[in-house]
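Asker: Data: upload.pdb, PDB, C-alpha atoms and all ligand atoms.
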```pdb
MODEL        1
ATOM      1  CA  MET E 542       9.931  39.204  13.168
ATOM      2  CA  ASP E 543      10.497  37.966   9.626
ATOM      3  CA  GLY E 544       7.904  37.171   6.950
ATOM      4  CA  ARG E 545       8.281  33.396   7.070
ATOM      5  CA  GLY E 546       7.633  33.279  10.797
ATOM      6  CA  VAL E 547       4.509  35.400  10.463
ATOM      7  CA  ALA E 548       3.268  33.318   7.516
ATOM      8  CA  ALA E 549       3.664  30.161   9.622
ATOM      9  CA  GLU E 550       1.703  31.748  12.460
ATOM     10  CA  ASP E 551      -1.111  32.711  10.121
ATOM     11  CA  GLU E 552      -1.201  29.261   8.592
ATOM     12  CA  ILE E 553      -1.331  27.626  12.027
ATOM     13  CA  ASP E 554      -4.157  29.947  13.092
ATOM     14  CA  GLY E 555      -6.037  28.977   9.928
ATOM     15  CA  LEU E 556      -5.498  25.264  10.557
ATOM     16  CA  LEU E 557      -6.750  25.601  14.136
ATOM     17  CA  LEU E 558      -9.909  27.391  12.956
ATOM     18  CA  ARG E 559     -10.540  24.609  10.458
ATOM     19  CA  ALA E 560      -9.926  22.008  13.154
ATOM     20  CA  ASP E 561     -12.514  23.701  15.383
ATOM     21  CA  ASP E 562     -15.028  23.733  12.525
ATOM     22  CA  VAL E 563     -14.485  20.039  11.843
ATOM     23  CA  ARG E 564     -15.019  19.224  15.506
ATOM     24  CA  LYS E 565     -18.137  21.383  15.800
ATOM     25  CA  ALA E 566     -19.636  19.915  12.630
ATOM     26  CA  ALA E 567     -19.299  16.324  13.899
ATOM     27  CA  PRO E 568     -22.909  15.311  14.581
ATOM     28  CA  SER E 569     -22.283  12.396  16.927
ATOM     29  CA  ARG E 570     -19.680  10.448  18.814
ATOM     30  CA  SER E 571     -19.968   7.630  16.304
ATOM     31  CA  ASP E 572     -18.046   9.854  13.904
ATOM     32  CA  VAL E 573     -15.089  10.085  16.239
ATOM     33  CA  GLU E 574     -12.851   7.959  14.019
ATOM     34  CA  VAL E 575     -13.449  10.095  10.941
ATOM     35  CA  VAL E 576     -13.101  13.293  12.913
ATOM     36  CA  ARG E 577      -9.977  11.956  14.590
ATOM     37  CA  ALA E 578      -8.347  11.251  11.222
ATOM     38  CA  ARG E 579      -9.216  14.684   9.845
ATOM     39  CA  LEU E 580      -8.211  16.527  12.998
ATOM     40  CA  GLY E 581      -5.032  14.469  13.180
ATOM     41  CA  GLU E 582      -4.135  15.752   9.719
ATOM     42  CA  LEU E 583      -4.918  19.388  10.468
ATOM     43  CA  LEU E 584      -3.263  19.416  13.890
ATOM     44  CA  GLY E 585      -0.291  17.418  12.611
ATOM     45  CA  ARG E 586       0.254  19.976   9.846
ATOM     46  CA  ALA E 587      -0.062  22.825  12.360
ATOM     47  CA  ARG E 588       2.501  21.150  14.580
ATOM     48  CA  SER E 589       4.930  20.680  11.721
ATOM     49  CA  LEU E 590       4.878  24.457  11.144
ATOM     50  CA  LEU E 591       5.721  25.310  14.757
ATOM     51  CA  PRO E 592       9.518  25.418  14.268
ATOM     52  CA  ASP E 593       9.014  28.206  11.700
ATOM     53  CA  VAL E 594       7.383  30.480  14.271
ATOM     54  CA  ARG E 595      10.266  32.669  15.379
ATOM     55  CA  ASP E 596       8.720  34.405  18.341
ATOM     56  CA  GLU E 597       9.290  32.051  21.268
ATOM     57  CA  ARG E 598       6.303  33.136  23.374
ATOM     58  CA  ARG E 599       3.988  32.876  20.374
ATOM     59  CA  ARG E 600       5.410  29.465  19.478
ATOM     60  CA  LEU E 601       4.758  28.140  22.968
ATOM     61  CA  ASP E 602       1.217  29.537  22.954
ATOM     62  CA  LEU E 603       0.481  27.907  19.622
ATOM     63  CA  ALA E 604       1.985  24.597  20.776
ATOM     64  CA  GLY E 605      -0.377  24.750  23.752
ATOM     65  CA  SER E 606      -3.370  25.505  21.492
ATOM     66  CA  ILE E 607      -2.543  22.494  19.336
ATOM     67  CA  ALA E 608      -2.044  20.184  22.317
ATOM     68  CA  ARG E 609      -5.359  21.331  23.820
ATOM     69  CA  ARG E 610      -7.170  20.243  20.686
ATOM     70  CA  PHE E 611      -5.499  16.847  20.780
ATOM     71  CA  ALA E 612      -6.706  16.520  24.368
ATOM     72  CA  ASP E 613     -10.279  17.540  23.378
ATOM     73  CA  LEU E 614     -10.222  14.706  20.920
ATOM     74  CA  ASP E 615      -9.324  12.252  23.673
ATOM     75  CA  ARG E 616     -12.144  13.657  25.774
ATOM     76  CA  ASP E 617     -14.675  12.934  23.021
ATOM     77  CA  GLU E 618     -13.487   9.370  22.779
ATOM     78  CA  LEU E 619     -13.522   8.981  26.529
ATOM     79  CA  ALA E 620     -17.143   9.859  27.139
ATOM     80  CA  ASP E 621     -18.291   6.231  27.270
ATOM     81  CA  LYS E 622     -15.293   5.026  29.270
ATOM     82  CA  LEU E 623     -16.134   7.061  32.351
ATOM     83  CA  GLU E 624     -18.558   4.460  33.668
ATOM     84  CA  PRO E 625     -17.775   1.908  36.379
ATOM     85  CA  THR E 626     -15.548  -0.753  34.808
ATOM     86  CA  PRO E 627     -16.960  -4.303  34.981
ATOM     87  CA  GLY E 628     -14.983  -6.422  37.438
ATOM     88  CA  VAL E 629     -13.160  -3.454  38.975
ATOM     89  CA  ALA E 630     -14.335  -1.955  42.261
ATOM     90  CA  PRO E 631     -15.693   1.519  41.514
ATOM     91  CA  ALA E 632     -13.501   4.369  42.704
ATOM     92  CA  PRO E 633     -14.990   6.980  45.064
ATOM     93  CA  THR E 634     -16.756   9.866  43.362
ATOM     94  CA  SER E 635     -16.937  12.160  46.348
ATOM     95  CA  VAL E 636     -14.360  13.482  48.810
ATOM     96  CA  ASP E 637     -14.466  14.979  52.270
ATOM     97  CA  ASP E 638     -11.559  17.228  51.468
ATOM     98  CA  PRO E 639     -12.208  19.140  48.229
ATOM     99  CA  THR E 640      -8.534  20.145  47.948
ATOM    100  CA  ARG E 641      -7.791  16.530  47.161
ATOM    101  CA  VAL E 642      -9.188  17.039  43.643
ATOM    102  CA  PRO E 643      -6.947  19.214  41.458
ATOM    103  CA  PRO E 644      -8.491  22.199  39.648
ATOM    104  CA  GLY E 645     -10.457  21.366  36.524
ATOM    105  CA  GLN E 646     -10.730  17.630  37.289
ATOM    106  CA  HIS E 647     -13.846  15.504  37.825
ATOM    107  CA  LEU E 648     -14.036  12.141  39.565
ATOM    108  CA  THR E 649     -14.729   8.946  37.677
ATOM    109  CA  PRO E 650     -15.826   5.655  39.277
ATOM    110  CA  GLY E 651     -14.453   3.708  36.292
ATOM    111  CA  TRP E 652     -10.948   3.001  35.140
ATOM    112  CA  PRO E 653     -10.634   4.532  31.684
ATOM    113  CA  VAL E 654      -8.218   2.924  29.244
ATOM    114  CA  LEU E 655      -6.283   5.582  27.436
ATOM    115  CA  HIS E 656      -3.330   5.118  25.137
ATOM    116  CA  VAL E 657      -2.004   5.545  21.630
ATOM    117  CA  GLY E 658      -1.289   2.381  19.687
ATOM    118  CA  ARG E 659      -1.956  -1.185  20.794
ATOM    119  CA  ALA E 660      -1.215  -3.063  23.991
ATOM    120  CA  PRO E 661       1.727  -5.442  23.386
ATOM    121  CA  SER E 662       1.698  -9.138  24.252
ATOM    122  CA  PHE E 663       3.756 -10.356  27.203
ATOM    123  CA  ASP E 664       6.139 -13.308  27.284
ATOM    124  CA  PRO E 665       7.708 -13.533  30.772
ATOM    125  CA  ASP E 666      10.711 -15.443  29.396
ATOM    126  CA  ARG E 667      11.591 -12.813  26.819
ATOM    127  CA  TRP E 668      10.559  -9.673  28.673
ATOM    128  CA  ARG E 669      13.493  -7.332  29.453
ATOM    129  CA  PHE E 670      13.837  -3.977  31.184
ATOM    130  CA  THR E 671      16.900  -1.824  30.505
ATOM    131  CA  VAL E 672      18.281   0.961  32.671
ATOM    132  CA  THR E 673      20.787   2.963  30.684
ATOM    133  CA  GLY E 674      22.027   6.439  29.693
ATOM    134  CA  ARG E 675      23.920   8.482  32.271
ATOM    135  CA  VAL E 676      24.648   5.585  34.600
ATOM    136  CA  ARG E 677      27.897   4.083  35.793
ATOM    137  CA  LYS E 678      26.410   0.633  35.596
ATOM    138  CA  ARG E 679      23.892  -0.208  32.867
ATOM    139  CA  ILE E 680      21.554  -3.065  33.808
ATOM    140  CA  VAL E 681      19.119  -5.331  31.991
ATOM    141  CA  LEU E 682      16.464  -6.964  34.176
ATOM    142  CA  SER E 683      14.479 -10.073  33.315
ATOM    143  CA  TRP E 684      10.897 -10.427  34.538
ATOM    144  CA  ASN E 685      12.141 -12.565  37.441
ATOM    145  CA  ASP E 686      14.820  -9.980  38.307
ATOM    146  CA  MET E 687      12.210  -7.232  38.332
ATOM    147  CA  ARG E 688       9.805  -9.224  40.495
ATOM    148  CA  ALA E 689      12.581 -10.079  42.953
ATOM    149  CA  LEU E 690      13.121  -6.377  43.769
ATOM    150  CA  PRO E 691      11.678  -5.139  47.086
ATOM    151  CA  GLN E 692       7.931  -4.746  46.774
ATOM    152  CA  VAL E 693       5.833  -1.898  48.151
ATOM    153  CA  THR E 694       2.148  -1.000  47.985
ATOM    154  CA  VAL E 695       0.853   2.572  47.877
ATOM    155  CA  THR E 696      -2.642   4.007  47.484
ATOM    156  CA  ARG E 697      -2.785   7.159  45.401
ATOM    157  CA  ASP E 698      -5.083   9.241  43.213
ATOM    158  CA  PHE E 699      -4.588   9.349  39.445
ATOM    159  CA  HIS E 700      -5.236  12.468  37.363
ATOM    160  CA  CYS E 701      -5.467  12.513  33.566
ATOM    161  CA  VAL E 702      -4.920  15.792  31.749
ATOM    162  CA  THR E 703      -8.153  15.241  29.783
ATOM    163  CA  GLY E 704     -10.014  15.939  33.040
ATOM    164  CA  TRP E 705     -10.807  12.655  34.806
ATOM    165  CA  SER E 706      -9.364  11.669  38.143
ATOM    166  CA  ARG E 707      -9.582   8.201  39.677
ATOM    167  CA  LEU E 708      -9.131   8.181  43.446
ATOM    168  CA  ASP E 709      -7.646   5.482  45.666
ATOM    169  CA  ASN E 710      -5.656   3.367  43.249
ATOM    170  CA  THR E 711      -3.668   0.780  45.154
ATOM    171  CA  TRP E 712      -0.464   0.045  43.249
ATOM    172  CA  THR E 713       2.059  -2.667  44.011
ATOM    173  CA  GLY E 714       5.523  -2.718  42.526
ATOM    174  CA  VAL E 715       9.083  -1.566  43.109
ATOM    175  CA  ARG E 716      10.091   2.002  43.867
ATOM    176  CA  VAL E 717      11.939   3.608  40.974
ATOM    177  CA  SER E 718      14.458   4.787  43.581
ATOM    178  CA  GLU E 719      15.308   1.110  44.238
ATOM    179  CA  VAL E 720      16.010   0.599  40.558
ATOM    180  CA  LEU E 721      18.084   3.802  40.415
ATOM    181  CA  ALA E 722      20.151   2.653  43.377
ATOM    182  CA  ARG E 723      21.246  -0.362  41.338
ATOM    183  CA  VAL E 724      22.717   1.598  38.413
ATOM    184  CA  ASP E 725      24.732   4.240  40.207
ATOM    185  CA  PRO E 726      23.525   7.363  38.344
ATOM    186  CA  ALA E 727      26.284   9.548  36.908
ATOM    187  CA  PRO E 728      26.674  12.901  38.696
ATOM    188  CA  THR E 729      25.600  14.635  35.464
ATOM    189  CA  ALA E 730      22.239  12.814  35.374
ATOM    190  CA  THR E 731      19.399  15.257  36.088
ATOM    191  CA  HIS E 732      16.414  13.762  34.224
ATOM    192  CA  ALA E 733      15.202  10.525  32.760
ATOM    193  CA  ILE E 734      12.998   9.377  29.958
ATOM    194  CA  VAL E 735      10.889   6.286  30.467
ATOM    195  CA  THR E 736       9.819   4.405  27.355
ATOM    196  CA  GLY E 737       7.025   1.894  26.915
ATOM    197  CA  HIS E 738       5.525   0.069  23.941
ATOM    198  CA  PRO E 739       5.268   0.949  21.130
ATOM    199  CA  GLY E 740       7.748   3.782  21.686
ATOM    200  CA  TYR E 741       5.590   6.019  23.890
ATOM    201  CA  ALA E 742       7.787   7.951  26.325
ATOM    202  CA  ALA E 743       7.652  10.586  29.054
ATOM    203  CA  ASN E 744      10.378  12.707  30.605
ATOM    204  CA  LEU E 745      10.742  13.356  34.318
ATOM    205  CA  ALA E 746      13.209  15.061  36.602
ATOM    206  CA  LEU E 747      15.220  12.516  38.595
ATOM    207  CA  ASP E 748      14.129  14.006  41.906
ATOM    208  CA  VAL E 749      10.489  13.401  40.942
ATOM    209  CA  LEU E 750      11.237   9.829  39.894
ATOM    210  CA  ALA E 751      12.991   9.236  43.196
ATOM    211  CA  GLN E 752       9.903  10.136  45.288
ATOM    212  CA  ALA E 753       8.768   7.295  47.542
ATOM    213  CA  ASP E 754       5.396   6.801  45.808
ATOM    214  CA  VAL E 755       6.808   6.584  42.286
ATOM    215  CA  LEU E 756       6.763   2.924  41.265
ATOM    216  CA  PHE E 757       7.214   0.501  38.482
ATOM    217  CA  ALA E 758       3.939  -1.267  39.245
ATOM    218  CA  TRP E 759       2.853  -4.803  38.390
ATOM    219  CA  ALA E 760      -0.416  -4.933  40.352
ATOM    220  CA  HIS E 761      -3.433  -2.691  40.950
ATOM    221  CA  ASP E 762      -5.955  -3.220  43.766
ATOM    222  CA  GLY E 763      -4.245  -6.507  44.557
ATOM    223  CA  VAL E 764      -4.449  -8.151  41.143
ATOM    224  CA  ALA E 765      -1.902  -8.381  38.313
ATOM    225  CA  LEU E 766      -1.986  -5.183  36.312
ATOM    226  CA  PRO E 767      -4.377  -5.742  33.380
ATOM    227  CA  ARG E 768      -2.703  -5.540  30.001
ATOM    228  CA  ALA E 769      -4.928  -2.641  28.924
ATOM    229  CA  HIS E 770      -3.638  -0.656  31.898
ATOM    230  CA  GLY E 771       0.032  -1.262  31.179
ATOM    231  CA  GLY E 772       0.593  -4.810  32.397
ATOM    232  CA  PRO E 773       2.939  -6.419  33.000
ATOM    233  CA  LEU E 774       4.744  -3.274  34.178
ATOM    234  CA  ARG E 775       3.960   0.414  34.161
ATOM    235  CA  LEU E 776       5.407   3.515  35.664
ATOM    236  CA  VAL E 777       3.147   5.255  38.203
ATOM    237  CA  VAL E 778       3.844   8.902  39.063
ATOM    238  CA  PRO E 779       0.940   9.985  41.289
ATOM    239  CA  ASN E 780       2.106  13.605  41.593
ATOM    240  CA  ARG E 781       2.031  14.169  37.847
ATOM    241  CA  TYR E 782      -0.696  14.000  35.202
ATOM    242  CA  GLY E 783      -1.355  10.499  33.925
ATOM    243  CA  TRP E 784       0.543  10.874  30.665
ATOM    244  CA  LYS E 785       3.776  10.561  32.679
ATOM    245  CA  SER E 786       2.698   7.117  33.952
ATOM    246  CA  VAL E 787       4.106   5.149  31.024
ATOM    247  CA  LYS E 788       2.411   1.807  30.393
ATOM    248  CA  TRP E 789       4.270  -1.320  29.173
ATOM    249  CA  ALA E 790       7.512   0.279  30.315
ATOM    250  CA  PHE E 791      10.715  -1.340  29.054
ATOM    251  CA  GLU E 792      13.423   1.301  29.384
ATOM    252  CA  LEU E 793      14.590   3.915  31.858
ATOM    253  CA  ARG E 794      17.205   6.198  30.355
ATOM    254  CA  LEU E 795      18.999   8.765  32.478
ATOM    255  CA  THR E 796      19.883  12.012  30.737
ATOM    256  CA  ASP E 797      21.850  15.132  31.533
ATOM    257  CA  ARG E 798      19.059  17.397  30.251
ATOM    258  CA  ASP E 799      15.298  17.333  29.862
ATOM    259  CA  VAL E 800      14.518  15.355  26.681
ATOM    260  CA  HIS E 801      10.880  15.521  25.534
ATOM    261  CA  GLY E 802       8.655  12.459  25.493
ATOM    262  CA  TYR E 803       5.626  11.732  23.308
ATOM    263  CA  TRP E 804       3.184  14.333  24.668
ATOM    264  CA  GLU E 805       5.805  16.852  25.728
ATOM    265  CA  GLU E 806       6.851  16.988  22.071
ATOM    266  CA  ARG E 807       3.224  17.696  21.210
ATOM    267  CA  GLY E 808       2.915  20.694  23.482
ATOM    268  CA  TYR E 809       2.204  19.193  26.879
ATOM    269  CA  HIS E 810       3.951  20.625  29.911
ATOM    270  CA  ASP E 811       7.373  19.282  30.946
ATOM    271  CA  GLU E 812       6.445  19.026  34.626
ATOM    272  CA  GLY E 813       2.709  18.259  34.504
ATOM    273  CA  ASP E 814       1.825  18.885  38.162
ATOM    274  CA  PRO E 815      -1.996  18.564  38.348
ATOM    275  CA  PHE E 816      -2.291  20.775  41.438
ATOM    276  CA  ARG E 817      -0.573  23.592  39.565
ATOM    277  CA  GLU E 818      -2.640  22.771  36.477
ATOM    278  CA  GLN E 819       0.453  22.415  34.329
ATOM    279  CA  ARG E 820      -1.379  20.885  31.401
ATOM    280  CA  PHE E 821       0.198  22.544  28.429
ATOM    281  CA  ARG E 822       3.464  24.223  27.642
ATOM    282  CA  GLY E 823       3.181  27.834  28.649
ATOM    283  CA  ASP E 824       0.974  27.089  31.701
ATOM    284  CA  GLU E 825       2.823  28.392  34.755
TER     285      GLU E 825
HETATM  286  N1  LIG E 901       2.656   3.248  26.597
HETATM  287  C1  LIG E 901       1.738   4.201  26.873
HETATM  288  N2  LIG E 901       1.579   4.619  28.156
HETATM  289  C2  LIG E 901       0.670   5.573  28.460
HETATM  290  C3  LIG E 901      -0.105   6.187  27.447
HETATM  291  C4  LIG E 901       0.099   5.756  26.111
HETATM  292  O1  LIG E 901      -0.509   6.272  25.169
HETATM  293  N3  LIG E 901       1.029   4.761  25.875
HETATM  294  N4  LIG E 901      -1.049   7.156  27.791
HETATM  295  C5  LIG E 901      -0.875   7.837  29.069
HETATM  296  C6  LIG E 901      -2.039   8.595  29.499
HETATM  297  S1  LIG E 901      -2.353  10.063  28.704
HETATM  298  C7  LIG E 901      -2.790   8.245  30.584
HETATM  299  S2  LIG E 901      -4.008   9.230  31.241
HETATM  300  C8  LIG E 901      -2.582   6.949  31.245
HETATM  301  C9  LIG E 901      -3.870   6.165  31.263
HETATM  302  O2  LIG E 901      -3.727   4.979  31.977
HETATM  303  P1  LIG E 901      -4.913   3.944  32.009
HETATM  304  O3  LIG E 901      -5.222   3.579  30.579
HETATM  305  O4  LIG E 901      -4.424   2.786  32.801
HETATM  306  O5  LIG E 901      -6.066   4.639  32.661
HETATM  307  O6  LIG E 901      -1.580   6.152  30.610
HETATM  308  C10 LIG E 901      -0.459   6.891  30.183
HETATM  309  N5  LIG E 901       0.532   5.956  29.746
HETATM  310 MO    MO E 902      -3.988  11.203  29.987
ENDMDL
END
```
Please go through the file and, once you have read it, give me the structure as structure tokens.

Answerer:
Amino acid sequence: MDGRGVAAEDEIDGLLLRADDVRKAAPSRSDVEVVRARLGELLGRARSLLPDVRDERRRLDLAGSIARRFADLDRDELADKLEPTPGVAPAPTSVDDPTRVPPGQHLTPGWPVLHVGRAPSFDPDRWRFTVTGRVRKRIVLSWNDMRALPQVTVTRDFHCVTGWSRLDNTWTGVRVSEVLARVDPAPTATHAIVTGHPGYAANLALDVLAQADVLFAWAHDGVALPRAHGGPLRLVVPNRYGWKSVKWAFELRLTDRDVHGYWEERGYHDEGDPFREQRFRGDE
């Protein structure tokens, strides 16, 4: 290994130690914003050094360590969101079958709101959804086009990588497989990246997207999907951690390789199967 790679590793280790000190020193949750800004700086700098780490295994480990700290930050901010949400029926907090809860998850009665950036406004006349990339037929759907697609309702559990799970979410929308059938995917298409406002994205293998319970959803528990939860339209991928369930989705792009989305770029796992605890890159 060369000197520059080792120097980058040492610097990242140093930044992570400082990040841990900053977090430990924070006296209360009311300081979350200040801590977030400072940690964002330290972790952002650490992340920018990752490409200089030559040893692949070490680079993946460090990427995981950085991503874990970003997730801890979300957990701090979440503490007061894990209460029953006013106006939303509380989700069950116990199960008959313990294997229904993935390892390392706890059940929340509430419906936490978790995202980077701001929820966009919605104008049904101007709203568009594009399906593009490795397709034989690119399509652009209006809101009416989208709503005219065959509708299904599924009830599934939702698992966020920061540790909360919300059971029994009833989603209504169109299967992604229905949308895929309308574009005629190219034979080279193996993956897709779904993008939502304001540029947040997640990558998925096409065979995962084509599962029968993977939807573009416009309703939850029988009412229009609230804007905070991704309304008017969000992706729902029950068999993956929540970060794959892109809110305010506006584009589905088919690709011939796995292109990283927002969190995958920041060290989260490509697959993100909660039952295999694939939280961070480097997890089996
Ligand atoms: N556009 C967008 N979609 C997003 C996110 C985001 O930051 N932006 N966060 C993801 C994460 S990490 C989770 S756990 C879920 C949370 O969904 P909820 O706010 O409806 O609970 O949205 C996912 N979809
Ligand atoms: Mo999440």

Asker: Identify which of the residues E:Arg588, E:Ala660, E:Asp602, E:Asp562 lies closest to Pro767 of chain E, counting only C-alpha atoms when measuring atom-to-atom distances.

Answerer: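 When distances to Pro767 of chain E are compared using only C-alpha atoms, the smallest one comes from E:Ala660.
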
Asker: Taking the file as I've supplied it (selection: the PyMOL selection byres (((chain E and resi 750) around 12) and not hetatm)), which residues are included? Please answer as a count of residues only.

Answerer: 38

Asker: Could you give me, as a tab-separated table, every chain E residue with an atom at most 6 Å from ligand MO 902 (chain E), plus its closest atom pair and distance in Å to one decimal, counting only C-alpha atoms and all ligand atoms, rows ordered by chain then number?

Answerer:
```
residue	atom	partner	partner_atom	distance
E:Cys701	CA	E:MO902	MO	4.1
E:Val702	CA	E:MO902	MO	5.0
E:Thr703	CA	E:MO902	MO	5.8
E:Gly783	CA	E:MO902	MO	4.8
E:Trp784	CA	E:MO902	MO	4.6
```

Asker: I need the residue set behind the PyMOL selection byres (((chain E and resi 668-684) around 12) and not hetatm) for this file; please write it as a tab-separated table (two decimals) with C-alpha atoms, keeping the file's coordinate frame.

Answerer:
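Done, and the output landed in out02.tsv:
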```
chain	number	residue	atom	x	y	z
E	661	PRO	CA	1.73	-5.44	23.39
E	662	SER	CA	1.70	-9.14	24.25
E	663	PHE	CA	3.76	-10.36	27.20
E	664	ASP	CA	6.14	-13.31	27.28
E	665	PRO	CA	7.71	-13.53	30.77
E	666	ASP	CA	10.71	-15.44	29.40
E	667	ARG	CA	11.59	-12.81	26.82
E	685	ASN	CA	12.14	-12.56	37.44
E	686	ASP	CA	14.82	-9.98	38.31
E	687	MET	CA	12.21	-7.23	38.33
E	688	ARG	CA	9.80	-9.22	40.49
E	689	ALA	CA	12.58	-10.08	42.95
E	690	LEU	CA	13.12	-6.38	43.77
E	717	VAL	CA	11.94	3.61	40.97
E	719	GLU	CA	15.31	1.11	44.24
E	720	VAL	CA	16.01	0.60	40.56
E	721	LEU	CA	18.08	3.80	40.42
E	722	ALA	CA	20.15	2.65	43.38
E	723	ARG	CA	21.25	-0.36	41.34
E	724	VAL	CA	22.72	1.60	38.41
E	725	ASP	CA	24.73	4.24	40.21
E	726	PRO	CA	23.52	7.36	38.34
E	727	ALA	CA	26.28	9.55	36.91
E	728	PRO	CA	26.67	12.90	38.70
E	729	THR	CA	25.60	14.64	35.46
E	730	ALA	CA	22.24	12.81	35.37
E	731	THR	CA	19.40	15.26	36.09
E	732	HIS	CA	16.41	13.76	34.22
E	733	ALA	CA	15.20	10.52	32.76
E	734	ILE	CA	13.00	9.38	29.96
E	735	VAL	CA	10.89	6.29	30.47
E	736	THR	CA	9.82	4.40	27.36
E	737	GLY	CA	7.02	1.89	26.92
E	738	HIS	CA	5.52	0.07	23.94
E	747	LEU	CA	15.22	12.52	38.60
E	757	PHE	CA	7.21	0.50	38.48
E	759	TRP	CA	2.85	-4.80	38.39
E	772	GLY	CA	0.59	-4.81	32.40
E	773	PRO	CA	2.94	-6.42	33.00
E	774	LEU	CA	4.74	-3.27	34.18
E	775	ARG	CA	3.96	0.41	34.16
E	789	TRP	CA	4.27	-1.32	29.17
E	790	ALA	CA	7.51	0.28	30.32
E	791	PHE	CA	10.72	-1.34	29.05
E	792	GLU	CA	13.42	1.30	29.38
E	793	LEU	CA	14.59	3.92	31.86
E	794	ARG	CA	17.20	6.20	30.36
E	795	LEU	CA	19.00	8.76	32.48
E	796	THR	CA	19.88	12.01	30.74
E	797	ASP	CA	21.85	15.13	31.53
E	798	ARG	CA	19.06	17.40	30.25
```

Asker: Between E:Ala612, E:Ala769, E:Ala549, E:Leu708, which has the minimum distance to Thr649 of chain E (counting all atoms listed in the file)?

Answerer: E:Leu708

Asker: Start from the incomplete input, build N, CA and C atoms for segment 725-741 of chain E, and deliver everything as a PDB file, in the frame of the given file.

Answerer:
```pdb
ATOM      1  N   ASP E 725      23.751   3.232  39.886  1.00  0.00           N
ATOM      2  CA  ASP E 725      24.732   4.240  40.207  1.00  0.00           C
ATOM      3  C   ASP E 725      24.672   5.397  39.191  1.00  0.00           C
ATOM      4  N   PRO E 726      23.669   6.260  39.302  1.00  0.00           N
ATOM      5  CA  PRO E 726      23.525   7.363  38.344  1.00  0.00           C
ATOM      6  C   PRO E 726      24.783   8.220  38.270  1.00  0.00           C
ATOM      7  N   ALA E 727      25.140   8.647  37.072  1.00  0.00           N
ATOM      8  CA  ALA E 727      26.284   9.548  36.908  1.00  0.00           C
ATOM      9  C   ALA E 727      25.939  10.882  37.556  1.00  0.00           C
ATOM     10  N   PRO E 728      26.960  11.616  38.054  1.00  0.00           N
ATOM     11  CA  PRO E 728      26.674  12.901  38.696  1.00  0.00           C
ATOM     12  C   PRO E 728      26.002  13.889  37.743  1.00  0.00           C
ATOM     13  N   THR E 729      26.200  13.718  36.450  1.00  0.00           N
ATOM     14  CA  THR E 729      25.600  14.635  35.464  1.00  0.00           C
ATOM     15  C   THR E 729      24.133  14.328  35.194  1.00  0.00           C
ATOM     16  N   ALA E 730      23.629  13.193  35.673  1.00  0.00           N
ATOM     17  CA  ALA E 730      22.239  12.814  35.374  1.00  0.00           C
ATOM     18  C   ALA E 730      21.274  13.705  36.152  1.00  0.00           C
ATOM     19  N   THR E 731      20.369  14.369  35.440  1.00  0.00           N
ATOM     20  CA  THR E 731      19.399  15.257  36.088  1.00  0.00           C
ATOM     21  C   THR E 731      17.973  14.821  35.802  1.00  0.00           C
ATOM     22  N   HIS E 732      17.754  14.142  34.679  1.00  0.00           N
ATOM     23  CA  HIS E 732      16.414  13.762  34.224  1.00  0.00           C
ATOM     24  C   HIS E 732      16.439  12.313  33.752  1.00  0.00           C
ATOM     25  N   ALA E 733      15.266  11.856  33.369  1.00  0.00           N
ATOM     26  CA  ALA E 733      15.202  10.525  32.760  1.00  0.00           C
ATOM     27  C   ALA E 733      14.040  10.518  31.794  1.00  0.00           C
ATOM     28  N   ILE E 734      14.123   9.596  30.844  1.00  0.00           N
ATOM     29  CA  ILE E 734      12.998   9.377  29.958  1.00  0.00           C
ATOM     30  C   ILE E 734      12.646   7.903  30.045  1.00  0.00           C
ATOM     31  N   VAL E 735      11.370   7.662  30.323  1.00  0.00           N
ATOM     32  CA  VAL E 735      10.889   6.286  30.467  1.00  0.00           C
ATOM     33  C   VAL E 735      10.117   5.942  29.197  1.00  0.00           C
ATOM     34  N   THR E 736      10.454   4.801  28.610  1.00  0.00           N
ATOM     35  CA  THR E 736       9.819   4.405  27.355  1.00  0.00           C
ATOM     36  C   THR E 736       9.026   3.123  27.545  1.00  0.00           C
ATOM     37  N   GLY E 737       7.864   3.092  26.920  1.00  0.00           N
ATOM     38  CA  GLY E 737       7.025   1.894  26.915  1.00  0.00           C
ATOM     39  C   GLY E 737       6.610   1.582  25.484  1.00  0.00           C
ATOM     40  N   HIS E 738       5.991   0.443  25.290  1.00  0.00           N
ATOM     41  CA  HIS E 738       5.525   0.069  23.941  1.00  0.00           C
ATOM     42  C   HIS E 738       4.467   1.032  23.489  1.00  0.00           C
ATOM     43  N   PRO E 739       4.360   1.328  22.211  1.00  0.00           N
ATOM     44  CA  PRO E 739       5.268   0.949  21.130  1.00  0.00           C
ATOM     45  C   PRO E 739       6.254   2.074  20.818  1.00  0.00           C
ATOM     46  N   GLY E 740       6.842   2.655  21.876  1.00  0.00           N
ATOM     47  CA  GLY E 740       7.748   3.782  21.686  1.00  0.00           C
ATOM     48  C   GLY E 740       7.259   5.030  22.406  1.00  0.00           C
ATOM     49  N   TYR E 741       6.124   4.916  23.081  1.00  0.00           N
ATOM     50  CA  TYR E 741       5.590   6.019  23.890  1.00  0.00           C
ATOM     51  C   TYR E 741       6.571   6.332  25.024  1.00  0.00           C
TER      52      TYR E 741
END
```
